[in-house]
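Here is the structure we will look at, set down as structure tokens.
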Amino acid sequence: MSDLVPSLDGELEVHDPEEECFLLFSNKPDNRDLGFVSRTESTVSVSINSKDLTVHQSPSLLTSTREAGTTGAVLWKVTPLLASWLTHPCNTVSQRILRPSYTVVELGAGTSGVLAVSFAPFVGAYYATDQEYCLKLLRKNISENYQETVEKSSKSKGKSSNKRTKRGAEVLPSSSTGNATVLPLDWQLTEVSSIPDLKEKQVDVIIAADCIYNESLVEPLVDTMADLSRLNRDETDGTDHNVTLVLVAQELRSPDVLEAFMKAFCAKFQVWRLPDKLYKDCGDGGKGLMEGGGYVVHVGILKK
């Protein structure tokens, strides 16, 4: 992480949230749908750099009247794009974000498990979090897709992992890694320091993919990002664990909601938009995330 931050310094750093939103939406393609992969199918298939995943989702839950939200019930298009880009062999960013010693927390994981399945084999510990209503299907999707992904990743590296499963954690039935954990986390109700699995951790990377859709959730989301970034942080630590990187990927939909998020995010974090040069030669995922495609990825570091 320490070598990623200087490489972003001054390049596409967001100083004015309103200007950033104006620039993004002035280059947004017309006539896009809301961004579902499919809102009607109970099962969808996605390919992440030649790794085929089968994702179970709940269209009936999406269309229900559940007051606390239903958007996590289905897979959104930016998620496989982010997974494909960050795990592409030509990606120069992944080796600075997905490291064997790192702890990664995903916020608003939904039910798909695509990011957990794609990223967990490359890091020390991966925590996929969301509200309780998502977790049963999230566990199912990770369990069914994870083992094959781990085996392929191990073969591509020429070795297998011997990491032990953490006792008592909600992990996958895989003896090869056991480092993907599903946890309940409601941004409005949960203090991250109260979660047993996290309270002793230093979180290296926080990932949020397509979580910004409701202005009322912006402040709780940013507060949760800040709380996780502070968790057990020792600023005198000279290792690469002395900073937490927040990575936020989203589809451009509502200018008002995005502006509300960017103002809250920039108030607490130093923020950059990732430049197109980091997406080049990184397959369909990188191509889809380039400027003008209707998506954007920002990274942030908590201000001191």
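Naming scheme: A, B, ... for chains in displayed order of the structure tokens; residues 1 onward per chain; ligands 1 onward as shown.
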
*May I have the residues within 9 Å of A:Asn91 as a list in words, using only C-alpha atoms and disregarding those fewer than 2 positions away in the same chain?*
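Listed by chain and then number, they are Trp85, Leu86, Thr87, His88, Pro89, Val93, Ser94, Gln95, Leu278, Tyr279, Lys280, Asp281, Cys282 and Gly286 of chain A.
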
Those residues with N, CA and C atoms, as a compact mmCIF listing (two decimals), in the first residue's frame please?
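Saved result, part_31.txt, follows:
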```
# COMPACT_ATOMS: atom_id res chain seq x y z
N TRP A 85 -11.07 -6.85 -13.25
CA TRP A 85 -9.94 -5.92 -13.39
C TRP A 85 -8.88 -6.18 -12.33
N LEU A 86 -9.29 -6.31 -11.07
CA LEU A 86 -8.31 -6.38 -9.99
C LEU A 86 -7.58 -7.72 -9.95
N THR A 87 -8.16 -8.77 -10.52
CA THR A 87 -7.47 -10.07 -10.54
C THR A 87 -6.86 -10.39 -11.89
N HIS A 88 -6.89 -9.42 -12.82
CA HIS A 88 -6.29 -9.67 -14.14
C HIS A 88 -4.77 -9.78 -14.00
N PRO A 89 -4.14 -10.72 -14.70
CA PRO A 89 -2.69 -10.91 -14.58
C PRO A 89 -1.86 -9.67 -14.89
N VAL A 93 -2.01 -2.83 -9.98
CA VAL A 93 -2.54 -2.36 -8.70
C VAL A 93 -2.77 -3.53 -7.74
N SER A 94 -3.16 -4.67 -8.28
CA SER A 94 -3.57 -5.79 -7.43
C SER A 94 -2.47 -6.24 -6.49
N GLN A 95 -1.22 -6.25 -6.96
CA GLN A 95 -0.13 -6.70 -6.11
C GLN A 95 0.12 -5.76 -4.95
N LEU A 278 -4.46 2.80 -15.32
CA LEU A 278 -4.44 1.63 -14.47
C LEU A 278 -5.38 0.53 -14.95
N TYR A 279 -6.27 0.86 -15.89
CA TYR A 279 -7.22 -0.12 -16.42
C TYR A 279 -6.75 -0.72 -17.75
N LYS A 280 -5.82 -0.06 -18.42
CA LYS A 280 -5.40 -0.50 -19.75
C LYS A 280 -4.77 -1.88 -19.71
N ASP A 281 -5.08 -2.66 -20.74
CA ASP A 281 -4.53 -4.02 -20.90
C ASP A 281 -4.95 -4.96 -19.78
N CYS A 282 -6.07 -4.64 -19.13
CA CYS A 282 -6.56 -5.50 -18.04
C CYS A 282 -7.89 -6.14 -18.39
N GLY A 286 -11.12 -4.11 -16.98
CA GLY A 286 -10.45 -2.83 -17.08
C GLY A 286 -11.08 -1.94 -18.13
```

*Please provide the set of residues having any atom within 8 Å of stretch 117-134 of chain A, restricted to only C-alpha atoms, with same-chain residues fewer than 2 positions apart removed, written as a ChimeraX atom specification.*
/A:48,72-73,83,87,98-111,113-115,136-138,142,145-146,149-150,153,177,179-186

Keeping only N, CA and C atoms, write the selected residues as a CSV table (one decimal), in the first residue's frame.
```
chain,number,residue,atom,x,y,z
A,48,ILE,N,-15.0,-14.5,-14.4
A,48,ILE,CA,-14.0,-13.6,-13.9
A,48,ILE,C,-12.6,-14.1,-14.4
A,72,GLY,N,-29.3,-5.6,-2.2
A,72,GLY,CA,-28.3,-6.7,-2.1
A,72,GLY,C,-28.7,-8.0,-2.6
A,73,ALA,N,-30.0,-8.1,-3.0
A,73,ALA,CA,-30.6,-9.4,-3.3
A,73,ALA,C,-30.1,-9.9,-4.7
A,83,ALA,N,-14.0,-7.2,-10.1
A,83,ALA,CA,-13.3,-8.4,-9.8
A,83,ALA,C,-12.4,-8.8,-11.0
A,87,THR,N,-8.2,-8.8,-10.5
A,87,THR,CA,-7.5,-10.1,-10.5
A,87,THR,C,-6.9,-10.4,-11.9
A,98,LEU,N,-3.9,-6.7,-3.0
A,98,LEU,CA,-4.2,-8.1,-2.6
A,98,LEU,C,-2.9,-8.8,-2.2
A,99,ARG,N,-2.5,-8.7,-1.0
A,99,ARG,CA,-1.3,-9.3,-0.5
A,99,ARG,C,-1.6,-10.4,0.6
A,100,PRO,N,-0.8,-11.4,0.6
A,100,PRO,CA,-1.0,-12.5,1.6
A,100,PRO,C,-1.1,-12.1,3.0
A,101,SER,N,-0.6,-11.0,3.4
A,101,SER,CA,-0.6,-10.6,4.8
A,101,SER,C,-1.7,-9.6,5.1
A,102,TYR,N,-2.5,-9.3,4.1
A,102,TYR,CA,-3.5,-8.2,4.3
A,102,TYR,C,-4.9,-8.8,4.8
A,103,THR,N,-5.6,-7.9,5.6
A,103,THR,CA,-6.9,-8.1,6.0
A,103,THR,C,-7.8,-7.2,5.2
A,104,VAL,N,-8.8,-7.8,4.5
A,104,VAL,CA,-9.7,-7.0,3.6
A,104,VAL,C,-11.1,-7.1,4.2
A,105,VAL,N,-11.9,-6.0,4.3
A,105,VAL,CA,-13.3,-6.0,4.7
A,105,VAL,C,-14.1,-5.4,3.5
A,106,GLU,N,-15.1,-6.2,3.1
A,106,GLU,CA,-16.0,-5.7,2.0
A,106,GLU,C,-17.3,-5.3,2.7
A,107,LEU,N,-17.7,-4.0,2.4
A,107,LEU,CA,-18.9,-3.5,2.9
A,107,LEU,C,-20.0,-3.7,1.9
A,108,GLY,N,-21.2,-4.0,2.3
A,108,GLY,CA,-22.4,-4.1,1.4
A,108,GLY,C,-22.1,-5.2,0.4
A,109,ALA,N,-21.7,-6.4,0.8
A,109,ALA,CA,-21.3,-7.5,-0.1
A,109,ALA,C,-22.5,-8.0,-0.9
A,110,GLY,N,-23.7,-7.8,-0.3
A,110,GLY,CA,-24.9,-8.4,-1.0
A,110,GLY,C,-24.9,-9.9,-0.9
A,111,THR,N,-25.6,-10.5,-1.8
A,111,THR,CA,-25.7,-12.0,-1.8
A,111,THR,C,-24.8,-12.7,-2.8
A,113,GLY,N,-21.3,-12.8,-3.5
A,113,GLY,CA,-20.1,-13.4,-3.1
A,113,GLY,C,-19.0,-13.3,-4.2
A,114,VAL,N,-19.2,-12.6,-5.3
A,114,VAL,CA,-18.3,-12.5,-6.4
A,114,VAL,C,-16.9,-12.0,-6.0
A,115,LEU,N,-16.9,-10.9,-5.2
A,115,LEU,CA,-15.6,-10.3,-4.8
A,115,LEU,C,-14.9,-11.2,-3.8
A,136,LYS,N,-27.5,-15.6,4.3
A,136,LYS,CA,-27.7,-17.0,4.0
A,136,LYS,C,-27.3,-17.2,2.5
A,137,LEU,N,-27.8,-16.4,1.6
A,137,LEU,CA,-27.5,-16.6,0.2
A,137,LEU,C,-26.0,-16.2,-0.1
A,138,LEU,N,-25.5,-15.3,0.6
A,138,LEU,CA,-24.1,-14.9,0.4
A,138,LEU,C,-23.2,-16.1,0.8
A,142,ILE,N,-20.7,-18.2,-1.9
A,142,ILE,CA,-19.3,-18.3,-1.6
A,142,ILE,C,-18.9,-19.8,-1.5
A,145,ASN,N,-18.8,-21.6,-5.0
A,145,ASN,CA,-17.9,-21.1,-6.0
A,145,ASN,C,-16.5,-21.0,-5.6
A,146,TYR,N,-16.2,-21.0,-4.3
A,146,TYR,CA,-14.9,-20.7,-3.7
A,146,TYR,C,-13.9,-21.8,-4.0
A,149,THR,N,-12.3,-21.9,-7.4
A,149,THR,CA,-11.4,-20.7,-7.6
A,149,THR,C,-10.1,-20.8,-6.9
A,150,VAL,N,-10.1,-21.3,-5.6
A,150,VAL,CA,-8.9,-21.5,-4.9
A,150,VAL,C,-8.0,-22.5,-5.6
A,153,SER,N,-6.4,-21.0,-8.6
A,153,SER,CA,-5.4,-20.0,-8.2
A,153,SER,C,-4.1,-20.7,-7.7
A,177,THR,N,-7.7,-22.9,2.2
A,177,THR,CA,-7.5,-21.5,2.7
A,177,THR,C,-8.2,-21.2,4.0
A,179,ASN,N,-10.0,-18.6,4.6
A,179,ASN,CA,-9.8,-17.2,5.0
A,179,ASN,C,-10.9,-16.3,4.5
A,180,ALA,N,-12.1,-16.8,4.1
A,180,ALA,CA,-13.2,-16.0,3.7
A,180,ALA,C,-14.3,-16.1,4.8
A,181,THR,N,-14.7,-15.0,5.4
A,181,THR,CA,-15.6,-15.0,6.5
A,181,THR,C,-16.8,-14.1,6.2
A,182,VAL,N,-18.0,-14.6,6.5
A,182,VAL,CA,-19.2,-13.8,6.3
A,182,VAL,C,-19.6,-13.2,7.7
A,183,LEU,N,-19.8,-11.9,7.7
A,183,LEU,CA,-20.2,-11.3,9.0
A,183,LEU,C,-21.4,-10.3,8.8
A,184,PRO,N,-22.3,-10.3,9.8
A,184,PRO,CA,-23.3,-9.2,9.7
A,184,PRO,C,-22.8,-7.9,10.1
A,185,LEU,N,-23.1,-6.9,9.3
A,185,LEU,CA,-22.7,-5.5,9.7
A,185,LEU,C,-23.7,-4.5,9.0
A,186,ASP,N,-24.4,-3.9,9.9
A,186,ASP,CA,-25.4,-2.8,9.5
A,186,ASP,C,-24.7,-1.5,9.8
```

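Within the 6 Å cut-off around A:Val271, using only C-alpha atoms and omitting residues fewer than 5 positions from it on the same chain, the listed residues are A:Glu13, A:Val14, A:Val299, A:Gly300.
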
*May I ask which of the residues A:Gln202, A:Thr71, A:Glu18, A:Val243 is the closest one to A:Cys266, counting only C-alpha atoms?*
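The shortest atom-to-atom distance to A:Cys266 comes from A:Glu18.
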
*Using DSSP on the backbone coordinates, identify the residues of stretch 24-131 of chain A assigned to strand (DSSP E or B); present them as a ChimeraX atom specification.*
/A:36,43-48,51-56,76,103-107,125-130

Output the selection as a short mmCIF file (atom, residue, chain, number, x, y, z; two decimals), in the first residue's frame - N, CA and C atoms for each residue.
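Okay, selection16.cif is ready:
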```
data_model
loop_
_atom_site.label_atom_id
_atom_site.label_comp_id
_atom_site.auth_asym_id
_atom_site.auth_seq_id
_atom_site.Cartn_x
_atom_site.Cartn_y
_atom_site.Cartn_z
N PHE A 36 -28.44 -3.82 -12.95
CA PHE A 36 -28.53 -5.23 -12.59
C PHE A 36 -27.87 -6.08 -13.67
N THR A 43 -30.74 -17.43 -11.02
CA THR A 43 -29.35 -17.84 -11.13
C THR A 43 -28.72 -17.14 -12.33
N VAL A 44 -27.55 -16.53 -12.13
CA VAL A 44 -26.83 -15.90 -13.23
C VAL A 44 -25.40 -16.42 -13.25
N SER A 45 -24.80 -16.42 -14.43
CA SER A 45 -23.43 -16.88 -14.60
C SER A 45 -22.54 -15.71 -14.99
N VAL A 46 -21.38 -15.63 -14.36
CA VAL A 46 -20.41 -14.60 -14.71
C VAL A 46 -19.04 -15.24 -14.84
N SER A 47 -18.20 -14.65 -15.67
CA SER A 47 -16.84 -15.15 -15.86
C SER A 47 -15.86 -14.10 -15.37
N ILE A 48 -15.00 -14.49 -14.45
CA ILE A 48 -13.98 -13.59 -13.91
C ILE A 48 -12.61 -14.09 -14.39
N LYS A 51 -12.61 -17.72 -15.05
CA LYS A 51 -13.16 -18.51 -13.95
C LYS A 51 -14.68 -18.29 -13.95
N ASP A 52 -15.42 -19.35 -14.20
CA ASP A 52 -16.87 -19.26 -14.31
C ASP A 52 -17.53 -19.43 -12.94
N LEU A 53 -18.37 -18.47 -12.59
CA LEU A 53 -19.07 -18.50 -11.32
C LEU A 53 -20.57 -18.57 -11.56
N THR A 54 -21.27 -19.35 -10.74
CA THR A 54 -22.71 -19.41 -10.77
C THR A 54 -23.25 -18.72 -9.52
N VAL A 55 -24.03 -17.68 -9.73
CA VAL A 55 -24.49 -16.85 -8.62
C VAL A 55 -25.99 -17.00 -8.44
N HIS A 56 -26.40 -17.39 -7.24
CA HIS A 56 -27.82 -17.46 -6.88
C HIS A 56 -28.25 -16.10 -6.36
N TRP A 76 -24.94 -6.82 -9.24
CA TRP A 76 -24.85 -5.57 -9.99
C TRP A 76 -23.63 -5.60 -10.91
N THR A 103 -5.56 -7.89 5.58
CA THR A 103 -6.94 -8.12 5.99
C THR A 103 -7.83 -7.19 5.18
N VAL A 104 -8.82 -7.75 4.51
CA VAL A 104 -9.73 -6.99 3.65
C VAL A 104 -11.14 -7.11 4.19
N VAL A 105 -11.85 -5.99 4.26
CA VAL A 105 -13.26 -5.99 4.66
C VAL A 105 -14.08 -5.43 3.50
N GLU A 106 -15.07 -6.19 3.07
CA GLU A 106 -16.00 -5.72 2.05
C GLU A 106 -17.28 -5.25 2.71
N LEU A 107 -17.70 -4.05 2.40
CA LEU A 107 -18.95 -3.49 2.91
C LEU A 107 -20.04 -3.65 1.86
N ALA A 125 -6.89 -12.54 5.13
CA ALA A 125 -8.23 -12.69 5.68
C ALA A 125 -9.17 -11.77 4.91
N TYR A 126 -10.32 -12.32 4.52
CA TYR A 126 -11.32 -11.54 3.77
C TYR A 126 -12.64 -11.65 4.50
N TYR A 127 -13.22 -10.49 4.86
CA TYR A 127 -14.50 -10.44 5.56
C TYR A 127 -15.55 -9.81 4.65
N ALA A 128 -16.54 -10.59 4.27
CA ALA A 128 -17.66 -10.11 3.45
C ALA A 128 -18.81 -9.78 4.40
N THR A 129 -19.24 -8.51 4.41
CA THR A 129 -20.23 -8.07 5.40
C THR A 129 -21.46 -7.47 4.73
N ASP A 130 -22.59 -7.62 5.39
CA ASP A 130 -23.83 -6.98 4.96
C ASP A 130 -24.88 -7.20 6.04
#
```

*Return the single residue from A:Val248, A:Leu81, A:Leu23, A:Leu228 that is closest to A:Leu198, with distances computed using only C-alpha atoms.*
A:Leu228

*Using only C-alpha atoms, which of the listed residues (A:Gly294, A:Pro80, A:Pro17, A:Gly35) sits closest to A:Ala116?*
A:Pro80

_I'd like the interatomic distance between atom CA of A:Lys304 and atom CA of A:Met225, to a tenth of an Å._
14.2 Å

With a distance cut-off of 10 Å and only C-alpha atoms, select the neighbouring residues of A:Ser193, excluding the residue or stretch itself and same-chain residues fewer than 4 positions from it, and output the selection as a CSV table (one decimal) with N, CA and C atoms, in the first residue's frame.
```csv
chain,number,residue,atom,x,y,z
A,197,ASP,N,-14.7,-10.6,15.5
A,197,ASP,CA,-13.7,-11.0,14.4
A,197,ASP,C,-12.9,-9.8,14.0
A,198,LEU,N,-13.4,-8.6,14.2
A,198,LEU,CA,-12.7,-7.4,13.7
A,198,LEU,C,-11.9,-6.6,14.7
A,199,LYS,N,-12.4,-6.7,16.0
A,199,LYS,CA,-11.9,-5.8,17.0
A,199,LYS,C,-10.4,-6.0,17.3
A,200,GLU,N,-9.8,-7.1,16.9
A,200,GLU,CA,-8.4,-7.3,17.1
A,200,GLU,C,-7.6,-7.1,15.9
A,201,LYS,N,-8.3,-6.7,14.8
A,201,LYS,CA,-7.6,-6.7,13.5
A,201,LYS,C,-7.2,-5.3,13.1
A,227,ASP,N,-14.3,4.3,10.9
A,227,ASP,CA,-14.1,3.5,12.0
A,227,ASP,C,-13.3,2.3,11.7
A,228,LEU,N,-13.5,1.6,10.6
A,228,LEU,CA,-12.6,0.5,10.2
A,228,LEU,C,-11.2,0.9,9.9
A,230,ARG,N,-9.6,3.3,11.4
A,230,ARG,CA,-9.0,3.6,12.7
A,230,ARG,C,-8.7,2.3,13.6
A,231,LEU,N,-9.3,1.2,13.2
A,231,LEU,CA,-9.4,0.0,14.0
A,231,LEU,C,-7.9,-0.5,14.3
A,232,ASN,N,-7.5,-0.4,15.6
A,232,ASN,CA,-6.2,-0.9,16.0
A,232,ASN,C,-5.1,-0.3,15.2
```

*asked:* Which residues are close to A:Glu291, i.e. within 10 Å by only C-alpha atoms, leaving aside same-chain residues fewer than 3 positions away? Reply as a list in words.
replied: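 Close residues of A:Glu291: Leu24, Asn27, Lys28, Leu274, Pro275, Asp276, Tyr279, Lys287, Gly288, Gly294, Tyr295, Val296 and Val297 of chain A.
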
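Nearest residue to A:Val203 among A:Ile97, A:Leu12, A:Thr244, A:Leu61 is A:Thr244, counting only C-alpha atoms.
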
_One-decimal distance in Å that lies between atom CA of A:Glu20 and atom CA of A:Arg273_ = 9.0 Å

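Atom CA of A:Pro59 to atom CA of A:Ala208 spans 21.8 Å [interatomic distance, one decimal].
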
*Would you mind telling me which residue in A:Ala267, A:Cys21, A:Val37, A:Val205 lies nearest to A:Leu247 when using only C-alpha atoms?*
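Among the listed residues, the smallest separation from A:Leu247 belongs to A:Val205.
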